[in-house]
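Have a look at my_file_30.cif; it's mmCIF, C-alpha atoms and all ligand atoms:
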```cif
data_final
loop_
_atom_site.label_atom_id
_atom_site.label_comp_id
_atom_site.auth_asym_id
_atom_site.auth_seq_id
_atom_site.Cartn_x
_atom_site.Cartn_y
_atom_site.Cartn_z
CA MET A 1 116.83 95.03 207.67
CA THR A 2 117.97 93.87 204.25
CA GLN A 3 116.53 95.86 201.38
CA ARG A 4 114.64 94.08 198.65
CA THR A 5 116.37 94.13 195.27
CA TYR A 6 114.20 95.04 192.28
CA ASN A 7 114.63 93.83 188.71
CA TRP A 8 114.52 96.88 186.43
CA ALA A 9 113.78 96.89 182.72
CA ILE A 10 114.19 99.69 180.20
CA LEU A 11 111.52 100.17 177.54
CA GLY A 12 112.97 102.18 174.61
CA CYS A 13 116.76 102.38 174.40
CA GLY A 14 117.16 106.06 173.54
CA ARG A 15 119.07 109.01 174.93
CA ILE A 16 117.44 109.52 178.34
CA ALA A 17 117.26 105.75 178.88
CA GLY A 18 121.08 105.74 178.73
CA LYS A 19 121.40 108.44 181.39
CA PHE A 20 118.79 106.76 183.56
CA SER A 21 120.55 103.38 183.28
CA SER A 22 123.89 104.84 184.33
CA ASP A 23 122.11 106.44 187.31
CA LEU A 24 120.45 103.11 188.21
CA LYS A 25 123.92 101.64 188.64
CA LEU A 26 124.49 104.00 191.56
CA LEU A 27 121.79 102.28 193.62
CA ASP A 28 122.40 99.20 195.78
CA ASN A 29 119.01 97.56 195.61
CA VAL A 30 118.85 97.50 191.80
CA ARG A 31 119.37 94.56 189.47
CA LEU A 32 119.92 95.78 185.91
CA TYR A 33 117.76 93.05 184.49
CA ALA A 34 116.45 93.69 180.96
CA THR A 35 116.36 96.07 178.03
CA ALA A 36 113.63 96.23 175.39
CA SER A 37 113.95 97.85 172.01
CA ARG A 38 112.17 97.55 168.68
CA SER A 39 115.53 96.30 167.40
CA ILE A 40 117.23 93.32 169.02
CA ASP A 41 120.67 94.56 167.93
CA LYS A 42 120.08 97.94 169.55
CA SER A 43 118.75 96.26 172.68
CA LYS A 44 121.80 93.99 172.93
CA ALA A 45 124.23 96.88 172.42
CA PHE A 46 122.42 98.94 175.09
CA ALA A 47 122.33 96.00 177.53
CA GLU A 48 126.03 95.41 177.05
CA LYS A 49 126.94 99.08 177.43
CA TYR A 50 125.07 99.53 180.72
CA GLY A 51 125.34 95.99 182.12
CA PHE A 52 121.80 94.60 181.78
CA GLU A 53 121.48 90.81 181.88
CA LYS A 54 118.86 90.28 179.18
CA ALA A 55 118.03 92.04 175.92
CA TYR A 56 114.61 91.81 174.28
CA GLY A 57 113.86 92.75 170.67
CA SER A 58 110.29 93.79 171.45
CA TYR A 59 108.55 95.64 174.26
CA GLU A 60 105.87 92.93 174.46
CA GLU A 61 108.37 90.11 175.11
CA MET A 62 109.97 92.09 177.93
CA ALA A 63 106.58 92.87 179.50
CA ALA A 64 105.76 89.14 179.45
CA ASP A 65 108.88 88.26 181.46
CA PRO A 66 107.67 87.44 185.02
CA GLU A 67 111.09 88.35 186.47
CA VAL A 68 110.68 92.05 185.57
CA ASP A 69 109.55 94.12 188.58
CA ILE A 70 109.79 97.74 187.40
CA VAL A 71 109.73 99.14 183.87
CA TYR A 72 111.11 102.55 182.98
CA VAL A 73 109.17 103.84 179.94
CA ALA A 74 111.50 106.08 177.92
CA THR A 75 109.80 106.32 174.52
CA PRO A 76 108.51 109.61 173.00
CA HIS A 77 105.55 111.05 174.95
CA SER A 78 103.19 110.03 172.10
CA HIS A 79 103.83 106.40 173.05
CA HIS A 80 103.80 106.58 176.86
CA HIS A 81 100.09 105.76 177.04
CA ASP A 82 100.32 102.49 175.09
CA HIS A 83 103.66 101.39 176.53
CA ALA A 84 102.70 102.11 180.14
CA ILE A 85 99.39 100.28 179.75
CA LEU A 86 101.17 97.29 178.15
CA CYS A 87 103.33 96.98 181.27
CA LEU A 88 100.57 97.73 183.78
CA LYS A 89 98.43 94.95 182.28
CA ALA A 90 101.39 92.61 182.78
CA GLY A 91 101.41 93.61 186.47
CA LYS A 92 104.64 95.63 186.36
CA ALA A 93 105.39 98.73 188.38
CA VAL A 94 105.92 101.55 185.89
CA LEU A 95 107.96 104.73 185.92
CA VAL A 96 106.89 106.87 182.94
CA GLU A 97 109.08 109.63 181.53
CA LYS A 98 107.71 113.15 181.32
CA ALA A 99 105.59 114.39 179.70
CA PHE A 100 103.53 111.60 181.24
CA ALA A 101 101.23 111.45 178.19
CA LEU A 102 100.15 113.58 175.24
CA THR A 103 96.87 114.63 176.81
CA ALA A 104 95.01 114.52 180.10
CA ALA A 105 92.57 112.04 178.54
CA GLU A 106 95.44 109.62 177.90
CA ALA A 107 96.76 110.21 181.43
CA MET A 108 93.34 109.33 182.86
CA GLU A 109 93.31 106.02 180.96
CA MET A 110 96.78 105.19 182.25
CA ILE A 111 95.75 105.96 185.83
CA GLY A 112 92.65 103.79 185.30
CA ALA A 113 94.86 100.91 184.10
CA ALA A 114 97.15 101.24 187.13
CA ARG A 115 94.13 101.08 189.45
CA GLU A 116 92.53 98.15 187.62
CA ASN A 117 95.74 96.15 187.80
CA ASN A 118 96.61 97.35 191.31
CA THR A 119 100.12 98.26 190.17
CA PHE A 120 102.41 101.15 190.99
CA MET A 121 102.85 103.98 188.48
CA MET A 122 104.61 107.33 188.70
CA GLU A 123 105.73 110.10 186.34
CA ALA A 124 109.53 110.31 186.09
CA PHE A 125 109.72 113.97 187.09
CA TRP A 126 113.16 114.14 188.64
CA THR A 127 112.87 117.80 189.75
CA ARG A 128 110.21 116.76 192.27
CA PHE A 129 112.83 114.73 194.13
CA HIS A 130 115.71 117.17 193.87
CA PRO A 131 116.71 118.77 197.19
CA SER A 132 116.63 122.25 195.59
CA LEU A 133 112.83 122.15 195.49
CA ALA A 134 112.66 121.22 199.17
CA LYS A 135 115.00 124.15 199.92
CA VAL A 136 112.80 126.60 198.03
CA LYS A 137 109.71 125.38 199.87
CA GLU A 138 111.52 125.58 203.21
CA VAL A 139 112.66 129.19 202.56
CA LEU A 140 109.18 130.27 201.46
CA ALA A 141 107.58 128.58 204.47
CA SER A 142 110.04 130.31 206.83
CA GLY A 143 108.54 133.69 205.90
CA THR A 144 111.96 135.38 205.58
CA LEU A 145 111.12 136.68 202.12
CA GLY A 146 107.46 137.40 202.77
CA LYS A 147 104.72 136.39 200.37
CA PRO A 148 105.71 135.15 196.87
CA ALA A 149 104.14 137.50 194.34
CA LEU A 150 105.73 136.87 190.94
CA MET A 151 107.71 134.20 189.15
CA ARG A 152 109.84 133.91 186.05
CA SER A 153 110.89 130.49 184.84
CA GLU A 154 112.39 129.26 181.60
CA PHE A 155 113.92 126.26 179.90
CA CYS A 156 115.25 126.83 176.39
CA PHE A 157 117.86 125.20 174.16
CA TYR A 158 118.64 125.27 170.48
CA ALA A 159 117.55 122.34 168.33
CA PRO A 160 117.96 122.63 164.54
CA PHE A 161 114.65 122.09 162.76
CA ASN A 162 114.18 118.49 161.67
CA PRO A 163 110.58 117.55 160.83
CA ASP A 164 111.22 113.87 161.63
CA HIS A 165 112.83 114.35 165.05
CA ARG A 166 110.59 113.77 168.07
CA LEU A 167 111.11 117.40 169.13
CA PHE A 168 109.40 118.70 165.96
CA ASN A 169 107.30 115.74 164.78
CA LEU A 170 103.76 116.22 166.10
CA SER A 171 103.02 112.49 165.76
CA LEU A 172 105.77 111.92 168.34
CA GLY A 173 104.47 114.64 170.66
CA GLY A 174 106.80 117.32 169.26
CA GLY A 175 107.09 120.84 170.65
CA SER A 176 108.95 122.65 173.38
CA LEU A 177 106.00 122.78 175.79
CA LEU A 178 105.72 119.07 176.56
CA ASP A 179 109.45 118.47 176.35
CA ILE A 180 110.86 121.33 178.43
CA GLY A 181 108.07 123.89 179.02
CA ILE A 182 106.70 121.33 181.42
CA TYR A 183 109.44 122.36 183.92
CA PRO A 184 108.44 126.06 184.19
CA VAL A 185 104.81 124.90 184.34
CA PHE A 186 105.77 122.51 187.16
CA TRP A 187 107.42 125.37 189.11
CA ALA A 188 104.34 127.57 188.75
CA LEU A 189 102.10 124.71 189.92
CA GLN A 190 104.37 123.98 192.88
CA ILE A 191 104.52 127.59 194.06
CA PHE A 192 101.20 129.19 193.06
CA GLY A 193 98.94 126.27 192.07
CA VAL A 194 96.48 126.18 189.16
CA PRO A 195 96.17 129.59 187.45
CA SER A 196 92.83 131.30 186.96
CA GLU A 197 93.99 133.02 183.76
CA ILE A 198 96.45 132.04 181.01
CA LYS A 199 97.85 134.11 178.11
CA THR A 200 100.22 132.64 175.52
CA ILE A 201 102.24 133.54 172.45
CA ALA A 202 103.60 130.60 170.45
CA ASP A 203 105.90 130.36 167.46
CA LEU A 204 105.04 127.19 165.59
CA ALA A 205 107.54 125.28 163.45
CA PRO A 206 106.39 124.26 159.93
CA THR A 207 105.22 120.92 161.40
CA GLY A 208 102.85 122.72 163.81
CA ALA A 209 105.00 121.86 166.85
CA ASP A 210 105.64 124.81 169.16
CA ARG A 211 109.23 125.91 168.72
CA THR A 212 108.75 128.62 171.34
CA ILE A 213 105.96 129.31 173.77
CA ALA A 214 105.69 132.19 176.21
CA MET A 215 103.03 131.91 178.86
CA THR A 216 101.73 134.22 181.54
CA PHE A 217 99.70 132.70 184.35
CA GLY A 218 97.47 134.91 186.50
CA TYR A 219 96.10 134.02 189.93
CA PRO A 220 93.14 135.35 191.92
CA GLY A 221 95.44 136.98 194.50
CA GLY A 222 97.24 139.01 191.79
CA GLU A 223 100.24 136.64 191.58
CA MET A 224 101.70 136.15 188.12
CA ALA A 225 104.13 133.69 186.54
CA GLN A 226 105.99 134.36 183.29
CA LEU A 227 107.10 131.08 181.75
CA THR A 228 109.02 130.35 178.54
CA SER A 229 110.21 127.27 176.70
CA SER A 230 111.97 127.24 173.37
CA LEU A 231 113.95 125.18 170.90
CA ALA A 232 115.17 128.39 169.19
CA GLY A 233 117.89 129.56 171.58
CA CYS A 234 119.75 128.66 174.74
CA SER A 235 118.70 130.07 178.08
CA ASP A 236 120.21 129.95 181.51
CA THR A 237 117.54 127.48 182.69
CA GLN A 238 116.50 129.23 185.82
CA THR A 239 113.51 129.99 187.96
CA GLU A 240 113.10 133.12 190.04
CA ILE A 241 110.44 133.69 192.64
CA TRP A 242 110.01 137.32 193.55
CA CYS A 243 108.66 137.92 197.04
CA GLU A 244 107.78 140.93 199.21
CA ARG A 245 111.25 141.19 200.78
CA GLY A 246 113.53 139.53 198.23
CA PHE A 247 113.81 136.69 195.77
CA ILE A 248 114.89 133.08 195.30
CA ARG A 249 116.74 132.01 192.18
CA VAL A 250 117.14 128.35 191.21
CA ARG A 251 119.72 127.80 188.54
CA LYS A 252 121.15 124.65 187.03
CA ILE A 253 124.87 125.38 186.77
CA ASP A 254 125.86 122.07 185.17
CA PRO A 255 124.25 118.62 184.80
CA GLN A 256 125.28 117.74 188.38
CA THR A 257 124.77 121.05 190.18
CA VAL A 258 121.85 123.26 191.09
CA LYS A 259 122.40 126.58 192.86
CA VAL A 260 119.67 128.15 194.97
CA THR A 261 120.24 131.82 195.78
CA VAL A 262 118.19 133.41 198.54
CA SER A 263 118.40 137.20 198.45
CA VAL A 264 116.85 139.41 201.11
CA LYS A 265 116.79 142.84 199.50
CA GLU A 266 119.61 145.09 200.74
CA VAL A 267 120.26 142.71 203.67
CA SER A 268 121.81 139.42 202.60
CA GLU A 269 122.43 137.00 199.77
CA GLU A 270 123.16 133.34 200.35
CA ASP A 271 123.89 130.49 197.92
CA TYR A 272 122.98 126.87 198.56
CA ILE A 273 124.76 124.44 196.24
CA PHE A 274 123.22 121.05 195.57
CA HIS A 275 125.90 119.01 193.87
CA GLN A 276 125.69 115.35 192.96
CA GLU A 277 129.16 113.88 192.68
CA ASN A 278 127.86 111.05 190.53
CA GLY A 279 124.89 110.71 188.25
CA PHE A 280 122.31 113.03 186.76
CA GLY A 281 119.86 113.06 189.68
CA LEU A 282 117.61 110.52 187.95
CA PHE A 283 118.53 107.93 190.59
CA LEU A 284 116.52 110.01 193.08
CA GLU A 285 113.25 109.13 191.35
CA ALA A 286 114.31 105.48 190.93
CA GLN A 287 115.12 105.23 194.64
CA HIS A 288 111.75 106.78 195.48
CA VAL A 289 109.90 104.21 193.33
CA MET A 290 111.58 101.38 195.25
CA GLU A 291 110.77 103.00 198.60
CA CYS A 292 107.12 103.22 197.53
CA LEU A 293 107.15 99.54 196.52
CA ASN A 294 108.77 98.59 199.83
CA ALA A 295 105.85 100.35 201.51
CA GLU A 296 103.40 98.52 199.19
CA LEU A 297 102.08 101.75 197.71
CA THR A 298 100.52 101.98 194.25
CA GLU A 299 101.28 105.68 193.87
CA SER A 300 103.82 108.11 195.21
CA PRO A 301 102.85 110.42 198.08
CA LEU A 302 105.24 113.04 196.62
CA LEU A 303 104.07 112.75 193.02
CA PRO A 304 100.57 111.26 193.19
CA HIS A 305 98.40 110.53 190.15
CA SER A 306 96.23 113.53 191.04
CA TYR A 307 99.23 115.86 190.63
CA THR A 308 100.28 114.35 187.31
CA LEU A 309 96.71 114.61 186.02
CA GLN A 310 96.46 118.23 187.15
CA GLN A 311 99.69 119.02 185.29
CA MET A 312 98.45 117.28 182.12
CA GLN A 313 95.14 119.18 182.35
CA LEU A 314 97.06 122.45 182.61
CA LEU A 315 99.21 121.52 179.59
CA ASP A 316 96.00 120.74 177.63
CA ARG A 317 94.61 124.15 178.62
CA ILE A 318 97.79 125.95 177.50
CA ARG A 319 97.86 124.09 174.18
CA LYS A 320 94.21 124.91 173.51
CA ILE A 321 94.84 128.62 174.09
CA ALA A 322 98.02 128.54 171.97
CA GLY A 323 96.43 126.51 169.13
CA ILE A 324 98.68 123.46 169.46
CA ARG A 325 96.94 120.19 168.61
CA TYR A 326 98.23 116.65 168.24
CA PRO A 327 97.03 114.59 165.25
CA THR A 328 95.60 111.86 167.51
CA GLU A 329 93.43 114.27 169.52
CA ALA A 330 89.69 114.16 169.03
CA LEU A 331 88.36 117.31 167.32
N1 LIG A 401 113.77 113.48 182.54
C1 LIG A 401 114.56 114.07 181.68
O1 LIG A 401 115.47 114.81 182.05
C2 LIG A 401 114.37 113.81 180.22
C3 LIG A 401 115.34 114.21 179.31
C4 LIG A 401 115.16 113.90 177.97
C5 LIG A 401 114.00 113.25 177.56
N2 LIG A 401 113.05 112.91 178.45
C6 LIG A 401 111.80 112.23 178.01
O2 LIG A 401 112.12 110.89 177.67
C7 LIG A 401 111.36 110.49 176.51
C8 LIG A 401 112.35 110.01 175.45
O3 LIG A 401 113.22 111.06 175.10
P1 LIG A 401 114.67 110.79 174.44
O4 LIG A 401 115.31 112.12 174.30
O5 LIG A 401 115.37 109.73 175.18
O6 LIG A 401 114.23 110.28 173.00
P2 LIG A 401 115.02 109.32 172.01
O7 LIG A 401 116.48 109.43 172.22
O8 LIG A 401 114.44 109.58 170.67
O9 LIG A 401 114.59 107.86 172.50
C9 LIG A 401 113.26 107.43 172.45
C10 LIG A 401 113.26 105.92 172.23
O10 LIG A 401 111.88 105.53 172.12
C11 LIG A 401 111.77 104.39 171.31
N3 LIG A 401 110.67 104.55 170.34
C12 LIG A 401 109.55 103.81 170.30
N4 LIG A 401 108.76 104.18 169.31
C13 LIG A 401 109.38 105.19 168.69
C14 LIG A 401 109.04 105.99 167.56
N5 LIG A 401 107.91 105.81 166.87
N6 LIG A 401 109.91 106.93 167.19
C15 LIG A 401 111.05 107.14 167.87
N7 LIG A 401 111.41 106.41 168.96
C16 LIG A 401 110.59 105.44 169.36
C17 LIG A 401 113.14 104.20 170.63
O11 LIG A 401 113.76 103.11 171.30
P3 LIG A 401 113.98 101.71 170.59
O12 LIG A 401 114.44 102.04 169.20
O13 LIG A 401 115.04 101.13 171.43
O14 LIG A 401 112.72 100.94 170.60
C18 LIG A 401 113.89 105.48 170.94
O15 LIG A 401 115.26 105.25 171.06
C19 LIG A 401 110.52 111.69 176.11
O16 LIG A 401 109.22 111.55 176.63
C20 LIG A 401 111.22 112.87 176.76
O17 LIG A 401 110.38 113.95 177.12
C21 LIG A 401 113.22 113.17 179.77
#
```

Will you turn the file into structure tokens for me?
Ligand SMILES: NC(=O)c1ccc[n+]([C@@H]2O[C@H](COP(=O)([O-])OP(=O)(O)OC[C@H]3O[C@@H](n4cnc5c(N)ncnc54)[C@H](OP(=O)(O)O)[C@@H]3O)[C@@H](O)[C@H]2O)c1
Amino acid sequence: MTQRTYNWAILGCGRIAGKFSSDLKLLDNVRLYATASRSIDKSKAFAEKYGFEKAYGSYEEMAADPEVDIVYVATPHSHHHDHAILCLKAGKAVLVEKAFALTAAEAMEMIGAARENNTFMMEAFWTRFHPSLAKVKEVLASGTLGKPALMRSEFCFYAPFNPDHRLFNLSLGGGSLLDIGIYPVFWALQIFGVPSEIKTIADLAPTGADRTIAMTFGYPGGEMAQLTSSLAGCSDTQTEIWCERGFIRVRKIDPQTVKVTVSVKEVSEEDYIFHQENGFGLFLEAQHVMECLNAELTESPLLPHSYTLQQMQLLDRIRKIAGIRYPTEAL
């Protein structure tokens, strides 16, 4: 059976949009169709660099193009709500970068718009599609390590303070939590679910954005997860799940490689290497979107709207406890 080819468009020609576009090129059933930027010169340069056919100087013009099938929304999280809804109303399938929105309330409106327009929408959470997660779930389900009891997960890098940069500017959704803390939070949700108790310590930058946030999640069965994200220093970017008879460690060794170590205490230690020869792993989510569209789905069975909403609600809860508020949020 011949696969349908989809016309992709990029909304917002920034850093991650570049990586995503080079990953799109790895897929057969993709037509690099259009770019959209607030600046026509930037859009043209991006289109030329990655091989897109058309360049638009506004997001609205691109959304009005009937040839566009799927839009990848790669603007700051503060703008995902408006940009996703713009495309959904135009009947496009939409893949929205993480964090999906600023708040759960925004996420709910986006989900409502996808339903009203009967269009596909998914959060671009590449980790969900990475084979390392499937390996972790397989090992835990096998029972070799016994019950998972504790978790430690972190994602930290150094970013010099710049009040105007999206990482520190609250109007652009600044802060480590929504940018990278979302990954440790994702791991805790995947392994233990929604916590019954949350404690936080946050170091806020002068703009009010969280430079560092440490979180402890507690669960009714006594499980705990210690999670950290920070823009103050570099970490190893790893997740460890401590179980009755050993642990699993998931560690990103380089942009193409994730190592999963399964250690049975005093018995064995085995490494599983997940290496992508080409690309950053973002093509996995793009491929999944097209498979969903081939199956005429309006949401992903692996990353459904209900999961994304649950994650946004948890992020809201953490921010409330830590005293992190965005200027657009209702008091
Ligand atoms: N999945 C991942 O691994 C990953 C990695 C990094 C980032 N992300 C996510 O991707 C999104 C974009 O991050 P990025 O690092 O690519 O950011 P970036 O380099 O700053 O690019 C964002 C783009 O958004 C557009 N934009 C629209 N309104 C804007 C405004 N008011 N201020 C600034 N930019 C505006 C700009 O494109 P035009 O000028 O072309 O209109 C800009 O180039 C964020 O939500 C982030 O969390 C995901």

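The gap separating CA of Ala114 in chain A from CA of Arg128 in chain A is 20.9 Å, in Å to one decimal.
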
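For ligand LIG 401 (chain A), the set of protein, DNA and RNA residues within 6 Å, based on all atoms listed in the file, reads Gly12, Cys13, Gly14, Arg15, Ile16, Ala17, Ser37, Arg38, Ala74, Thr75, Pro76, His77, Glu97, Lys98, Ala99 and Asp179 of chain A.
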
Fill in: Polymer residues at most 12 Å from (106.0, 102.3, 191.9) by all atoms listed in the file, as a PyMOL selection string
chain A and resi 6+8+69-72+88+91-96+114+118-124+285-305

Worksheet entry | Residue contacts of Leu140 in chain A (10 Å, all atoms listed in the file) excluding same-chain residues fewer than 4 positions away, as a ChimeraX atom specification | /A:134-136,144-148,191,241,243,247-248,262

Take every atom of range 228-247 of chain A listed in the file, fit an axis-aligned box around them, add 6 Å per side, and give the centre and edge lengths in Å to one decimal as lines of an AutoDock Vina configuration file.
```
center_x = 114.0
center_y = 133.2
center_z = 185.0
size_x = 24.4
size_y = 28.0
size_z = 43.6
```

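Among A:Ser153, A:Gln190, A:Ser196, A:Asn278, the residue with the shortest atom-to-atom distance to Ala225 in chain A, counting only C-alpha atoms, is A:Ser153.
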
Worksheet entry | Between CA of Leu282 in chain A and CA of Tyr59 in chain A - distance in Å to one decimal | 22.2 Å

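For Ser171 in chain A, the list of residues within 12 Å, based on all atoms listed in the file and with local chain neighbours fewer than 4 positions off taken out, reads Pro76, His77, Ser78, His79, Leu102, Pro163, Asp164, His165, Arg166, Leu167, Gly175, Thr207, Gly208, Ala209, Arg325, Tyr326, Pro327, Thr328 and Glu329 of chain A.
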
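You will find CA of Ser22 in chain A at 29.0 Å from CA of Asp271 in chain A.
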
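Near (95.0, 115.9, 190.0), the residues inside the 12 Å limit, counting all atoms listed in the file, come to Ala104, Ala107, Met108, Ile111, Leu189, Gly193, Val194, Leu303, Pro304, His305, Ser306, Tyr307, Thr308, Leu309, Gln310, Gln311, Met312, Gln313 and Leu314 of chain A.
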
Practice prompt. Find the spatial neighbours of Thr228 in chain A, counting all atoms listed in the file, within a cut-off of 12 Å - ignore same-chain residues fewer than 3 positions away - and output them as a VMD selection string.
Written response: chain A and resid 151 to 157 176 to 178 180 to 185 187 to 188 199 to 203 210 to 217 225 231 to 239

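Of the residues under consideration (A:Gln276, A:Ser39, A:Asn7, A:Ser268), A:Gln276 shows the shortest atom-to-atom contact distance to Ile253 in chain A when counting only C-alpha atoms.
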
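Nearest to Asn29 in chain A of all the residues A:Gly174, A:Arg4, A:Glu138, A:Ala90 is A:Arg4, based on all atoms listed in the file.
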